[in-house]
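So this one's run-v8.cif, mmCIF, C-alpha atoms:
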data_data
loop_
_atom_site.label_atom_id
_atom_site.label_comp_id
_atom_site.auth_asym_id
_atom_site.auth_seq_id
_atom_site.Cartn_x
_atom_site.Cartn_y
_atom_site.Cartn_z
CA MET A 265 13.03 -17.49 -19.88
CA TYR A 266 15.43 -15.01 -18.29
CA LYS A 267 17.69 -16.24 -15.48
CA TYR A 268 15.93 -14.13 -12.83
CA GLU A 269 12.58 -15.57 -13.99
CA GLU A 270 14.01 -19.08 -13.69
CA ILE A 271 15.09 -18.37 -10.12
CA ALA A 272 11.73 -16.82 -9.27
CA GLN A 273 9.92 -19.86 -10.69
CA TYR A 274 12.10 -22.21 -8.63
CA VAL A 275 11.36 -20.32 -5.40
CA LYS A 276 7.66 -20.21 -6.21
CA GLU A 277 7.58 -23.98 -6.74
CA GLN A 278 9.39 -24.57 -3.43
CA ILE A 279 6.80 -22.46 -1.60
CA GLN A 280 3.77 -23.96 -3.34
CA SER A 281 4.98 -27.51 -2.77
CA GLY A 282 5.36 -26.84 0.95
CA CYS A 283 9.12 -27.35 1.00
CA TRP A 284 9.56 -23.80 2.27
CA LYS A 285 7.04 -23.00 5.00
CA GLU A 286 5.53 -19.71 6.14
CA ASN A 287 8.16 -17.30 7.53
CA ALA A 288 10.97 -19.65 6.46
CA LYS A 289 14.13 -17.80 5.51
CA LEU A 290 15.10 -18.03 1.85
CA PRO A 291 18.66 -18.93 0.82
CA SER A 292 21.01 -15.95 0.80
CA LEU A 293 21.63 -14.01 -2.40
CA ARG A 294 25.17 -15.33 -2.59
CA ARG A 295 24.10 -18.95 -2.10
CA MET A 296 21.43 -18.71 -4.81
CA ALA A 297 23.88 -16.99 -7.15
CA VAL A 298 26.26 -19.94 -6.79
CA GLN A 299 23.44 -22.47 -7.21
CA PHE A 300 22.23 -20.89 -10.47
CA SER A 301 25.66 -19.78 -11.73
CA THR A 302 24.65 -16.15 -11.99
CA SER A 303 25.21 -12.80 -10.31
CA ILE A 304 23.91 -11.59 -6.96
CA ASN A 305 22.06 -8.77 -8.75
CA THR A 306 20.15 -11.32 -10.83
CA VAL A 307 19.06 -13.19 -7.70
CA LEU A 308 18.08 -9.87 -6.14
CA SER A 309 15.90 -9.11 -9.17
CA ALA A 310 14.20 -12.50 -8.76
CA TYR A 311 13.54 -11.96 -5.06
CA ARG A 312 12.17 -8.49 -5.70
CA LEU A 313 9.88 -9.88 -8.38
CA LEU A 314 8.54 -12.42 -5.87
CA GLU A 315 8.13 -9.64 -3.32
CA GLN A 316 6.05 -7.71 -5.82
CA GLY A 317 3.89 -10.81 -6.18
CA HIS A 318 3.42 -11.00 -2.39
CA LEU A 319 5.07 -14.42 -2.06
CA ILE A 320 8.01 -13.29 0.05
CA TYR A 321 8.93 -10.28 2.15
CA SER A 322 12.18 -8.70 3.31
CA VAL A 323 13.36 -7.89 6.79
CA PRO A 324 16.30 -5.46 7.11
CA GLN A 325 19.55 -7.26 8.04
CA SER A 326 17.73 -10.62 8.06
CA GLY A 327 17.08 -11.30 4.38
CA TYR A 328 13.98 -12.62 2.62
CA LEU A 329 11.27 -14.79 4.18
CA VAL A 330 8.22 -16.67 2.89
CA LEU A 331 5.04 -14.62 3.24
CA GLY A 332 2.11 -16.34 4.99
CA LYS A 333 -1.18 -15.49 6.68
CA SER A 334 0.54 -14.50 9.89
CA SER A 335 3.33 -12.63 8.15
CA PRO A 336 3.34 -8.84 7.97
CA SER A 337 0.66 -7.65 5.51
CA PHE A 338 2.97 -4.93 4.29
CA VAL A 339 6.71 -4.79 4.79
CA PRO A 340 8.05 -2.07 2.47
CA GLU A 341 11.29 -2.71 0.65
CA SER A 342 12.61 0.48 2.15
CA PRO A 343 11.41 2.68 5.02
CA VAL A 344 10.07 5.19 2.48
CA ILE A 345 7.24 4.91 -0.06
CA ASP A 346 8.60 6.63 -3.15
CA PHE A 347 6.10 8.75 -5.13
CA TYR A 348 8.97 11.07 -6.12
CA SER A 349 11.24 9.26 -8.55
CA GLY A 350 11.06 9.61 -12.33
CA ALA A 351 13.50 6.79 -13.07
CA PRO A 352 12.36 3.28 -14.07
CA ASP A 353 12.11 0.59 -11.40
CA SER A 354 15.57 -0.96 -11.10
CA ARG A 355 14.04 -4.24 -9.90
CA TYR A 356 12.92 -4.91 -13.47
CA MET A 357 15.99 -3.79 -15.37
CA PRO A 358 17.31 -6.36 -17.89
CA TYR A 359 20.77 -6.45 -16.32
CA GLU A 360 21.98 -9.73 -17.80
CA ASP A 361 20.67 -8.99 -21.27
CA PHE A 362 22.19 -5.55 -21.32
CA GLN A 363 25.48 -6.79 -19.91
CA HIS A 364 25.61 -9.19 -22.86
CA CYS A 365 24.99 -6.24 -25.20
CA ILE A 366 27.80 -4.24 -23.57
CA ASN A 367 30.19 -7.16 -24.04
CA LYS A 368 29.11 -7.55 -27.64
CA ALA A 369 29.54 -3.83 -28.25
CA MET A 370 33.09 -4.04 -26.88
CA GLU A 371 33.82 -6.67 -29.53
CA LEU A 372 32.06 -4.99 -32.44
CA PHE A 373 33.19 -1.40 -31.84
CA ARG A 374 36.62 -1.93 -30.31
CA LYS A 375 38.32 0.43 -32.75
CA ASP A 376 35.62 3.11 -32.41
CA ILE A 377 35.79 3.13 -28.60
CA PHE A 378 39.43 4.18 -28.62
CA THR A 379 39.08 6.97 -31.14
CA TYR A 380 36.84 9.94 -31.95
CA SER A 381 33.53 9.13 -33.60
CA ASP A 382 30.86 10.76 -35.71
CA ILE A 383 29.19 13.73 -33.99
CA GLN A 384 25.82 12.69 -35.37
CA GLY A 385 25.99 9.21 -33.85
CA LEU A 386 27.26 5.69 -34.43
CA PRO A 387 25.99 4.68 -37.92
CA VAL A 388 24.82 1.26 -36.73
CA LEU A 389 22.76 2.90 -33.98
CA LEU A 390 21.26 5.44 -36.38
CA ARG A 391 20.08 2.58 -38.60
CA ALA A 392 18.66 0.71 -35.60
CA LEU A 393 16.86 3.87 -34.48
CA GLU A 394 15.42 4.41 -37.95
CA LYS A 395 13.78 0.99 -37.68
CA GLN A 396 12.78 1.38 -34.01
CA PHE A 397 11.18 4.77 -34.61
CA GLN A 398 8.68 3.20 -36.99
CA GLN A 399 7.09 1.59 -33.94
CA TYR A 400 6.36 5.11 -32.66
CA GLN A 401 4.91 6.14 -36.06
CA ILE A 402 8.06 8.15 -36.81
CA TYR A 403 9.00 7.55 -40.43
CA THR A 404 12.33 9.13 -41.23
CA LYS A 405 15.79 8.29 -42.54
CA ALA A 406 18.84 7.61 -40.40
CA SER A 407 20.43 10.72 -41.93
CA ASN A 408 17.84 12.89 -40.11
CA ILE A 409 18.55 11.38 -36.67
CA VAL A 410 21.09 12.79 -34.22
CA VAL A 411 22.19 11.05 -31.02
CA THR A 412 22.79 13.10 -27.86
CA SER A 413 23.98 12.40 -24.33
CA GLY A 414 20.46 12.27 -22.92
CA SER A 415 17.44 14.42 -23.71
CA GLN A 416 18.64 17.14 -21.31
CA GLN A 417 21.57 17.88 -23.60
CA ALA A 418 19.26 17.99 -26.60
CA LEU A 419 16.96 20.49 -24.88
CA ASP A 420 19.87 22.63 -23.74
CA LEU A 421 21.31 22.84 -27.27
CA LEU A 422 17.92 23.68 -28.77
CA CYS A 423 17.48 26.47 -26.23
CA ARG A 424 20.86 28.02 -27.07
CA MET A 425 21.08 27.66 -30.85
CA PRO A 426 19.48 30.07 -33.36
CA PHE A 427 16.50 28.93 -35.43
CA PRO A 428 15.71 29.74 -39.08
CA ASN A 429 12.56 31.63 -38.10
CA GLY A 430 14.74 34.24 -36.36
CA LYS A 431 12.57 34.23 -33.24
CA LYS A 432 13.86 34.24 -29.66
CA THR A 433 11.16 33.21 -27.16
CA ILE A 434 10.34 29.66 -26.09
CA LEU A 435 6.77 28.74 -25.19
CA LEU A 436 6.21 26.10 -22.50
CA GLU A 437 3.20 24.21 -21.25
CA GLN A 438 2.60 25.08 -17.61
CA PRO A 439 3.38 22.97 -15.70
CA ILE A 440 6.16 21.15 -17.60
CA TYR A 441 9.31 19.07 -17.02
CA TYR A 442 11.46 21.02 -14.56
CA GLY A 443 14.74 20.23 -16.37
CA MET A 444 13.58 22.29 -19.34
CA ILE A 445 12.78 25.25 -17.10
CA LYS A 446 16.21 25.00 -15.48
CA SER A 447 17.91 24.98 -18.91
CA LEU A 448 16.06 28.15 -19.90
CA TYR A 449 17.10 29.99 -16.77
CA LEU A 450 20.74 28.87 -17.05
CA CYS A 451 20.88 29.83 -20.74
CA ASN A 452 19.13 33.14 -19.99
CA THR A 453 16.66 32.31 -22.76
CA PRO A 454 13.37 34.29 -22.84
CA ALA A 455 10.40 32.05 -22.12
CA ILE A 456 6.65 32.37 -21.63
CA GLY A 457 4.05 29.82 -20.62
CA ILE A 458 0.61 28.60 -21.60
CA ARG A 459 -1.53 27.10 -18.89
CA LYS A 460 -2.19 23.36 -19.17
CA THR A 461 -4.98 21.77 -17.14
CA PHE A 462 -6.13 18.16 -16.95
CA GLN A 463 -8.24 18.99 -20.03
CA GLY A 464 -5.31 20.39 -22.04
CA ILE A 465 -4.59 23.91 -23.29
CA ASP A 466 -6.64 26.80 -24.67
CA PHE A 467 -6.07 26.72 -28.44
CA GLU A 468 -7.26 30.29 -28.92
CA GLU A 469 -4.55 31.35 -26.48
CA LEU A 470 -2.02 29.14 -28.29
CA GLU A 471 -2.83 30.81 -31.62
CA ARG A 472 -2.57 34.27 -30.07
CA LEU A 473 0.87 33.44 -28.63
CA PHE A 474 2.05 31.89 -31.90
CA SER A 475 0.89 35.00 -33.76
CA TYR A 476 2.26 37.72 -31.47
CA GLY A 477 4.69 36.09 -29.06
CA ASP A 478 7.90 35.91 -31.16
CA ILE A 479 7.88 32.14 -30.51
CA LYS A 480 11.03 30.28 -31.55
CA PHE A 481 9.56 26.92 -30.56
CA PHE A 482 6.78 25.43 -28.46
CA TYR A 483 7.99 22.75 -26.04
CA THR A 484 5.40 20.06 -25.34
CA ILE A 485 5.09 16.57 -23.88
CA PRO A 486 2.03 15.42 -25.84
CA ARG A 487 1.46 12.00 -24.27
CA TYR A 488 1.71 10.96 -20.62
CA HIS A 489 2.72 14.50 -19.79
CA ASN A 490 5.14 15.22 -16.96
CA PRO A 491 3.75 16.12 -14.42
CA THR A 492 0.01 16.02 -15.21
CA GLY A 493 -0.21 12.66 -17.04
CA HIS A 494 -2.36 14.31 -19.75
CA SER A 495 -2.29 13.23 -23.42
CA TYR A 496 -3.52 15.25 -26.40
CA SER A 497 -6.19 13.87 -28.70
CA ARG A 498 -5.53 13.35 -32.40
CA ARG A 499 -7.49 16.49 -33.25
CA GLU A 500 -5.48 18.55 -30.77
CA LYS A 501 -2.18 17.27 -32.15
CA GLN A 502 -3.26 18.13 -35.67
CA GLU A 503 -4.25 21.62 -34.54
CA ILE A 504 -0.87 22.25 -32.89
CA VAL A 505 0.91 21.26 -36.10
CA ARG A 506 -1.44 23.38 -38.22
CA LEU A 507 -0.83 26.47 -36.11
CA ALA A 508 2.93 25.88 -36.12
CA GLN A 509 2.96 25.85 -39.91
CA LYS A 510 0.68 28.88 -40.16
CA TYR A 511 2.80 31.07 -37.86
CA ASN A 512 6.28 29.69 -38.65
CA VAL A 513 6.79 28.27 -35.16
CA TYR A 514 8.78 25.11 -34.46
CA VAL A 515 7.49 22.46 -32.06
CA VAL A 516 9.79 20.40 -29.84
CA GLU A 517 7.99 17.14 -29.12
CA ASP A 518 9.44 15.38 -26.07
CA ASP A 519 8.06 11.85 -26.39
CA ILE A 520 9.52 10.52 -23.14
CA ALA A 521 6.84 7.88 -22.57
CA ALA A 522 6.31 6.56 -26.11
CA ASP A 523 7.21 3.04 -24.98
CA TYR A 524 4.31 2.99 -22.52
CA ASN A 525 1.68 3.95 -25.07
CA THR A 526 -1.37 1.65 -24.98
CA ASP A 527 -3.21 3.05 -28.02
CA SER A 528 -1.78 2.05 -31.39
CA LYS A 529 -3.79 4.88 -32.98
CA SER A 530 -2.16 7.53 -30.80
CA ASP A 531 0.34 9.05 -33.20
CA PRO A 532 3.00 11.63 -32.29
CA LEU A 533 2.86 15.22 -33.50
CA TYR A 534 5.66 14.38 -35.90
CA TYR A 535 3.34 12.04 -37.81
CA TYR A 536 1.12 14.99 -38.84
CA ASP A 537 3.96 17.37 -39.74
CA MET A 538 4.24 18.07 -43.48
CA SER A 539 6.23 21.31 -43.24
CA ASP A 540 9.34 20.32 -41.21
CA LYS A 541 8.25 22.18 -38.11
CA VAL A 542 8.35 19.35 -35.54
CA ILE A 543 11.55 18.31 -33.75
CA TYR A 544 11.07 14.86 -32.24
CA ILE A 545 13.02 13.81 -29.11
CA LYS A 546 13.07 10.23 -27.83
CA SER A 547 14.93 9.39 -24.64
CA PHE A 548 15.63 5.84 -23.46
CA SER A 549 16.07 6.83 -19.79
CA LYS A 550 12.41 6.16 -18.95
CA ILE A 551 12.39 2.65 -20.41
CA LEU A 552 15.94 1.48 -19.76
CA MET A 553 18.47 2.99 -17.38
CA PRO A 554 19.07 6.75 -16.93
CA GLY A 555 22.80 6.06 -16.70
CA LEU A 556 22.82 4.94 -20.34
CA ARG A 557 22.69 8.64 -21.33
CA VAL A 558 21.48 8.11 -24.89
CA SER A 559 18.73 10.10 -26.55
CA ALA A 560 17.86 10.71 -30.19
CA LEU A 561 16.34 13.57 -32.15
CA VAL A 562 14.74 13.76 -35.57
CA LEU A 563 15.68 17.18 -36.90
CA PRO A 564 14.37 19.16 -39.89
CA PRO A 565 17.11 19.61 -42.52
CA LEU A 566 17.34 23.38 -41.89
CA LEU A 567 18.27 22.76 -38.25
CA LYS A 568 20.55 19.76 -38.44
CA ASN A 569 23.90 21.40 -39.30
CA THR A 570 23.50 24.15 -36.71
CA PHE A 571 22.56 21.61 -34.05
CA LEU A 572 25.59 19.45 -34.87
CA GLU A 573 27.88 22.48 -34.65
CA TYR A 574 26.61 23.31 -31.18
CA LYS A 575 26.81 19.66 -30.13
CA GLU A 576 30.38 19.27 -31.37
CA TRP A 577 31.65 21.93 -28.98
CA THR A 578 29.62 20.61 -26.07
CA ASP A 579 30.83 17.01 -25.82
CA THR A 580 32.22 16.17 -29.29
CA TYR A 581 30.28 12.89 -29.42
CA THR A 582 28.08 10.67 -27.27
CA SER A 583 29.63 7.65 -25.51
CA ILE A 584 30.44 4.98 -28.12
CA LEU A 585 30.00 2.15 -25.62
CA SER A 586 26.51 3.35 -24.69
CA GLN A 587 25.58 3.83 -28.35
CA GLY A 588 26.94 0.45 -29.38
CA SER A 589 25.22 -1.38 -26.51
CA LEU A 590 21.88 0.23 -27.34
CA ALA A 591 22.30 -0.64 -31.02
CA VAL A 592 22.89 -4.30 -30.15
CA TYR A 593 19.95 -4.29 -27.71
CA LEU A 594 17.53 -2.78 -30.24
CA SER A 595 18.65 -4.98 -33.13
CA SER A 596 18.57 -8.26 -31.17
CA GLY A 597 14.86 -8.13 -30.35
CA MET A 598 15.59 -8.01 -26.59
CA PHE A 599 14.21 -4.49 -26.32
CA HIS A 600 10.82 -5.43 -27.79
CA LYS A 601 10.36 -8.27 -25.29
CA TYR A 602 11.39 -6.12 -22.33
CA GLN A 603 9.23 -3.23 -23.56
CA SER A 604 6.08 -5.39 -23.46
CA THR A 605 6.84 -6.56 -19.91
CA ILE A 606 7.55 -3.13 -18.50
CA ARG A 607 4.53 -1.54 -20.21
CA LYS A 608 2.29 -4.11 -18.52
CA LEU A 609 3.94 -3.36 -15.16
CA TYR A 610 3.05 0.34 -15.31
CA MET A 611 -0.42 -0.27 -16.71
CA ASP A 612 -1.08 -2.47 -13.66
CA ARG A 613 0.28 0.17 -11.28
CA MET A 614 -1.89 2.88 -12.81
CA GLU A 615 -4.92 0.62 -12.55
CA ILE A 616 -4.21 0.09 -8.84
CA LEU A 617 -3.78 3.83 -8.41
CA GLN A 618 -7.15 4.46 -10.11
CA LYS A 619 -8.92 1.95 -7.87
CA THR A 620 -7.23 3.25 -4.72
CA ALA A 621 -8.02 6.89 -5.55
CA ALA A 622 -11.66 5.95 -6.19
CA ARG A 623 -11.93 4.17 -2.83
CA PHE A 624 -10.51 7.11 -0.90
CA SER A 625 -12.03 10.04 -2.79
CA TYR A 626 -12.13 13.56 -1.36
CA ASN A 627 -14.24 16.43 -2.69
CA ASN A 628 -11.35 18.87 -2.43
CA ILE A 629 -8.96 16.74 -4.54
CA GLN A 630 -9.25 16.18 -8.30
CA TRP A 631 -7.28 13.40 -10.03
CA ASN A 632 -5.85 12.87 -13.48
CA ILE A 633 -4.70 9.23 -13.77
CA PRO A 634 -3.67 7.96 -17.23
CA ASP A 635 -3.81 4.31 -18.28
CA SER A 636 0.00 3.99 -18.38
CA GLY A 637 3.24 5.92 -18.00
CA PHE A 638 4.91 7.08 -14.80
CA PHE A 639 2.96 10.12 -13.72
CA ALA A 640 -0.48 10.90 -12.38
CA CYS A 641 -1.45 14.21 -10.83
CA MET A 642 -3.70 15.70 -8.16
CA LYS A 643 -5.17 19.20 -8.29
CA LEU A 644 -6.27 20.64 -4.96
CA LYS A 645 -9.27 22.88 -4.41
CA GLU A 646 -7.27 24.95 -1.93
CA GLU A 647 -3.52 25.59 -2.09
CA VAL A 648 -1.19 23.59 0.15
CA PRO A 649 2.41 24.87 0.11
CA PHE A 650 4.84 21.97 -0.04
CA GLN A 651 6.73 23.19 3.02
CA ASN A 652 3.50 22.76 5.03
CA LEU A 653 3.17 19.15 3.86
CA ARG A 654 6.85 18.21 4.10
CA PRO A 655 7.05 17.40 7.86
CA TYR A 656 4.01 15.11 7.65
CA LEU A 657 5.47 13.30 4.64
CA TYR A 658 8.62 12.70 6.65
CA LYS A 659 6.70 11.37 9.65
CA ASN A 660 4.65 9.03 7.45
CA HIS A 661 7.66 7.80 5.45
CA ILE A 662 6.45 9.14 2.07
CA ARG A 663 8.69 10.75 -0.53
CA LEU A 664 7.04 13.30 -2.85
CA MET A 665 8.31 16.01 -5.17
CA ASP A 666 7.64 19.70 -4.76
CA THR A 667 5.70 20.29 -7.99
CA SER A 668 6.27 24.05 -7.90
CA ALA A 669 9.57 23.26 -9.69
CA PHE A 670 7.50 22.49 -12.81
CA PHE A 671 6.35 26.11 -13.19
CA LEU A 672 7.89 29.30 -14.50
CA ASN A 673 8.05 31.92 -11.76
CA GLU A 674 4.96 33.79 -12.96
CA PHE A 675 2.92 30.55 -13.01
CA LYS A 676 4.03 29.07 -9.67
CA ASN A 677 1.25 27.76 -7.44
CA ASN A 678 0.59 25.14 -4.76
CA TYR A 679 -2.42 23.40 -6.29
CA TYR A 680 -0.71 20.54 -8.15
CA TYR A 681 0.92 17.40 -6.75
CA ARG A 682 2.56 14.83 -9.02
CA ILE A 683 2.31 11.15 -8.12
CA SER A 684 4.97 8.92 -9.68
CA VAL A 685 4.47 5.14 -9.77
CA SER A 686 7.88 4.49 -11.31
CA LYS A 687 9.32 3.09 -8.07
CA ALA A 688 6.15 2.51 -6.00
CA ASN A 689 4.86 -1.06 -6.27
CA GLU A 690 1.18 -2.01 -6.03
CA GLN A 691 1.17 -2.57 -2.27
CA GLU A 692 2.99 0.69 -1.64
CA ILE A 693 0.38 2.51 -3.75
CA LYS A 694 -2.45 0.92 -1.76
CA THR A 695 -0.75 1.86 1.51
CA GLY A 696 0.65 5.31 0.71
CA ILE A 697 -2.11 6.98 -1.33
CA PRO A 698 -4.79 6.94 1.43
CA ILE A 699 -2.28 8.49 3.83
CA LEU A 700 -1.29 11.18 1.33
CA LEU A 701 -4.91 11.99 0.47
CA LYS A 702 -5.86 12.41 4.10
CA LEU A 703 -2.86 14.63 4.79
CA LEU A 704 -3.63 16.93 1.85
CA SER A 705 -7.35 17.03 2.59
CA ASN A 706 -6.75 17.99 6.22
CA LEU A 707 -4.23 20.68 5.27
CA GLN A 708 -6.69 22.20 2.81
CA ARG A 709 -9.20 22.48 5.64
CA LYS A 710 -6.48 24.11 7.76
CA GLU A 711 -6.55 21.15 10.12
CA ARG A 712 -3.38 19.80 11.65
CA PRO A 713 -2.89 16.33 10.14
CA GLU A 714 -2.35 13.58 12.64
CA LEU A 715 0.32 10.94 12.23
CA ILE A 716 -1.31 8.18 10.18
#
Turn the structure described in the file into structure tokens.
Amino acid sequence: MYKYEEIAQYVKEQIQSGCWKENAKLPSLRRMAVQFSTSINTVLSAYRLLEQGHLIYSVPQSGYLVLGKSSPSFVPESPVIDFYSGAPDSRYMPYEDFQHCINKAMELFRKDIFTYSDIQGLPVLLRALEKQFQQYQIYTKASNIVVTSGSQQALDLLCRMPFPNGKKTILLEQPIYYGMIKSLYLCNTPAIGIRKTFQGIDFEELERLFSYGDIKFFYTIPRYHNPTGHSYSRREKQEIVRLAQKYNVYVVEDDIAADYNTDSKSDPLYYYDMSDKVIYIKSFSKILMPGLRVSALVLPPLLKNTFLEYKEWTDTYTSILSQGSLAVYLSSGMFHKYQSTIRKLYMDRMEILQKTAARFSYNNIQWNIPDSGFFACMKLKEEVPFQNLRPYLYKNHIRLMDTSAFFLNEFKNNYYYRISVSKANEQEIKTGIPILLKLLSNLQRKERPELI
């Protein structure tokens, strides 16, 4: 049992035994940290876990209190319900475990930290990744893996470097992760899009673009897509790989949400690739902490040396401390345990979202809600520009992203709205979604939404 779980269990027992009554104030973070010989952050994680379980609630500048029948039915952790964020919920981060891994990495890689390291990555991490990737149905050797400072760096380098097929244009699903679009514009790289709905893409259109579009690579998020939440079927993945081989097009597979996958038979595109056309990217920012800044690619042999050359003159090498800490975390078995816990958390949140959306359905709003991952999506029958919605979001204390950022200029529209559950707990989903649905429905009917 983790320390924060031990603290949470202690508080729960005190409440259930009647020692701490309804609306009683819990011991301060500092006092509990001293009592359990741990850090304030660990106690905070325990209290937040109990808050998620509706056993306690927080009052600004007063601390945490025991929740009872007469207590507030919903006291948000912050004034704002966050449907915007794409980072994992910090309340569930394995701080103590990872701190131990950092300390261990300082011991193990002391010499490496104070010198230059291998551009490709720390050898011990490459071996750990080789083993970890098997869980994602990625069977490759450590020699084919390259570590980067986050997936954004990997995407930027792939946009800028030449490919063996000699082609120049990058094909994107539309909508798609906005960071990729920004990289293309900054690199002045030619790009075209293929429309992606909640049902996927038009494969006849994909073949036409592969055949005539001078496509260097096709960038795709094949499972738990950002922002639509869509996942390709096995047949669709096989067809993408088949067309890539037929028309000498590379595929960049951004598998950001592999750790949240609920179907053991859902293989990545890479699994079906027999012609070295798929470049696999796995980031750890959506399962651990974005500040870790470690991502990994599996590169075809023809691309590896060119990629390393471009990487060398970008940042020389990725942080040794981050690499070493991740290697220790993966090899120790801590990651596997944490992965199971966090996957269950987001499965539960998506289930709550599905039930809430079903209870407050509107004919002019269509949903795509996956069984896991961070992102669900709404498609509106009538366009609602984000600037029209923004003031009502502010008044109702809801944070939402302008999804137009996920489109190339020629594809921009105001039909899609992404809903992230990465930071929104179950009660916040139940409270915020009905408000958001009513606001959007009223705006589609050209009615002035009232303050809800």
Target residues per the PyMOL selection byres ((chain A and resi 458) around 6), formatted as a PyMOL selection string: chain A and resi 437-438+457+459
Residues near stretch 615-630 of chain A, cut-off 6 Å, all atoms listed in the file, skip fewer than 6 positions along chain, as a list in words: Met642, Lys643, Leu644 and Lys645 of chain A
Tell me which residues the PyMOL selection byres ((chain A and resi 349) around 10) grabs here, as a VMD selection string. chain A and resid 346 to 348 350 to 353 638 to 639 663 to 665 683 to 688
Which residues, named as in the file, does the PyMOL selection byres ((chain A and resi 584-595) around 9) pick out? Answer as a ChimeraX atom specification. /A:361-370,372-373,376-377,380-381,385-386,388-393,395-396,411,556-558,581-583,596-600
What does the file look like for those residues with C-alpha atoms, as a JSON list (two decimals), in the frame of the given file?
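Resulting contents of result_31.json:
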[["chain", "number", "residue", "atom", "x", "y", "z"],
["A", 361, "ASP", "CA", 20.67, -8.99, -21.27],
["A", 362, "PHE", "CA", 22.19, -5.55, -21.32],
["A", 363, "GLN", "CA", 25.48, -6.79, -19.91],
["A", 364, "HIS", "CA", 25.61, -9.19, -22.86],
["A", 365, "CYS", "CA", 24.99, -6.24, -25.20],
["A", 366, "ILE", "CA", 27.80, -4.24, -23.57],
["A", 367, "ASN", "CA", 30.19, -7.16, -24.04],
["A", 368, "LYS", "CA", 29.11, -7.55, -27.64],
["A", 369, "ALA", "CA", 29.54, -3.83, -28.25],
["A", 370, "MET", "CA", 33.09, -4.04, -26.88],
["A", 372, "LEU", "CA", 32.06, -4.99, -32.44],
["A", 373, "PHE", "CA", 33.19, -1.40, -31.84],
["A", 376, "ASP", "CA", 35.62, 3.11, -32.41],
["A", 377, "ILE", "CA", 35.79, 3.13, -28.60],
["A", 380, "TYR", "CA", 36.84, 9.94, -31.95],
["A", 381, "SER", "CA", 33.53, 9.13, -33.60],
["A", 385, "GLY", "CA", 25.99, 9.21, -33.85],
["A", 386, "LEU", "CA", 27.26, 5.69, -34.43],
["A", 388, "VAL", "CA", 24.82, 1.26, -36.73],
["A", 389, "LEU", "CA", 22.76, 2.90, -33.98],
["A", 390, "LEU", "CA", 21.26, 5.44, -36.38],
["A", 391, "ARG", "CA", 20.08, 2.58, -38.60],
["A", 392, "ALA", "CA", 18.66, 0.71, -35.60],
["A", 393, "LEU", "CA", 16.86, 3.87, -34.48],
["A", 395, "LYS", "CA", 13.78, 0.99, -37.68],
["A", 396, "GLN", "CA", 12.78, 1.38, -34.01],
["A", 411, "VAL", "CA", 22.19, 11.05, -31.02],
["A", 556, "LEU", "CA", 22.82, 4.94, -20.34],
["A", 557, "ARG", "CA", 22.69, 8.64, -21.33],
["A", 558, "VAL", "CA", 21.48, 8.11, -24.89],
["A", 581, "TYR", "CA", 30.28, 12.89, -29.42],
["A", 582, "THR", "CA", 28.08, 10.67, -27.27],
["A", 583, "SER", "CA", 29.63, 7.65, -25.51],
["A", 596, "SER", "CA", 18.57, -8.26, -31.17],
["A", 597, "GLY", "CA", 14.86, -8.13, -30.35],
["A", 598, "MET", "CA", 15.59, -8.01, -26.59],
["A", 599, "PHE", "CA", 14.21, -4.49, -26.32],
["A", 600, "HIS", "CA", 10.82, -5.43, -27.79]]
Write out as a list in words the residues lying within 9 Å of A:Ser309, counting all atoms listed in the file and excluding same-chain residues fewer than 6 positions away. Tyr268, Glu269, Ala272, Ser354, Arg355, Tyr356 and Met357 of chain A
Between A:Tyr449, A:Leu707, A:Glu471, A:Gly414, single out the one closest to A:Met553, counting all atoms listed in the file.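 Nearest to A:Met553: A:Gly414.
Closest approach to A:Glu674 from the set A:Ser292, A:Gly282, A:Ile271, A:Ile456 is made by A:Ile456, with distances taken over all atoms listed in the file.
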For a test of reading the model, state the distance in Å between atom CA of A:Tyr536 and atom CA of A:Gly493, rounded to one decimal. 22.0 Å
Of the listed residues A:Tyr496, A:Asp523, A:Ile504, A:Ala560, that which approaches A:Leu470 most closely, counting all atoms listed in the file: A:Ile504
A:Lys460 surroundings by all atoms listed in the file, 12 Å radius, close-in-sequence under 4 positions cut, as a count of residues only: 26
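Around the point (14.6, 13.8, -33.3), within 10 Å and counting all atoms listed in the file, we find these residues: A:Phe397, A:Ile402, A:Thr404, A:Asn408, A:Ile409, A:Val410, A:Val411, A:Thr412, A:Ala418, A:Val516, A:Glu517, A:Asp518, A:Asp519, A:Tyr534, A:Val542, A:Ile543, A:Tyr544, A:Ile545, A:Lys546, A:Ser547, A:Ser559, A:Ala560, A:Leu561, A:Val562, A:Leu563, A:Pro564, A:Lys568.
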Distance atom CA of A:Thr578-atom CA of A:Ala522, one decimal place? 27.2 Å
Report the distance between atom CA of A:Ile699 and atom CA of A:Pro634 in Å, rounded to one decimal place.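 Computing the Euclidean distance for atom CA of A:Ile699 and atom CA of A:Pro634 yields 21.1 Å.
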Among the residues A:Lys480, A:Lys510, A:Val323, A:Gln463, the one that comes closest to A:Ser497 [using all atoms listed in the file]: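 Of A:Lys480, A:Lys510, A:Val323, A:Gln463, the one nearest A:Ser497 is A:Gln463, counting all atoms listed in the file.
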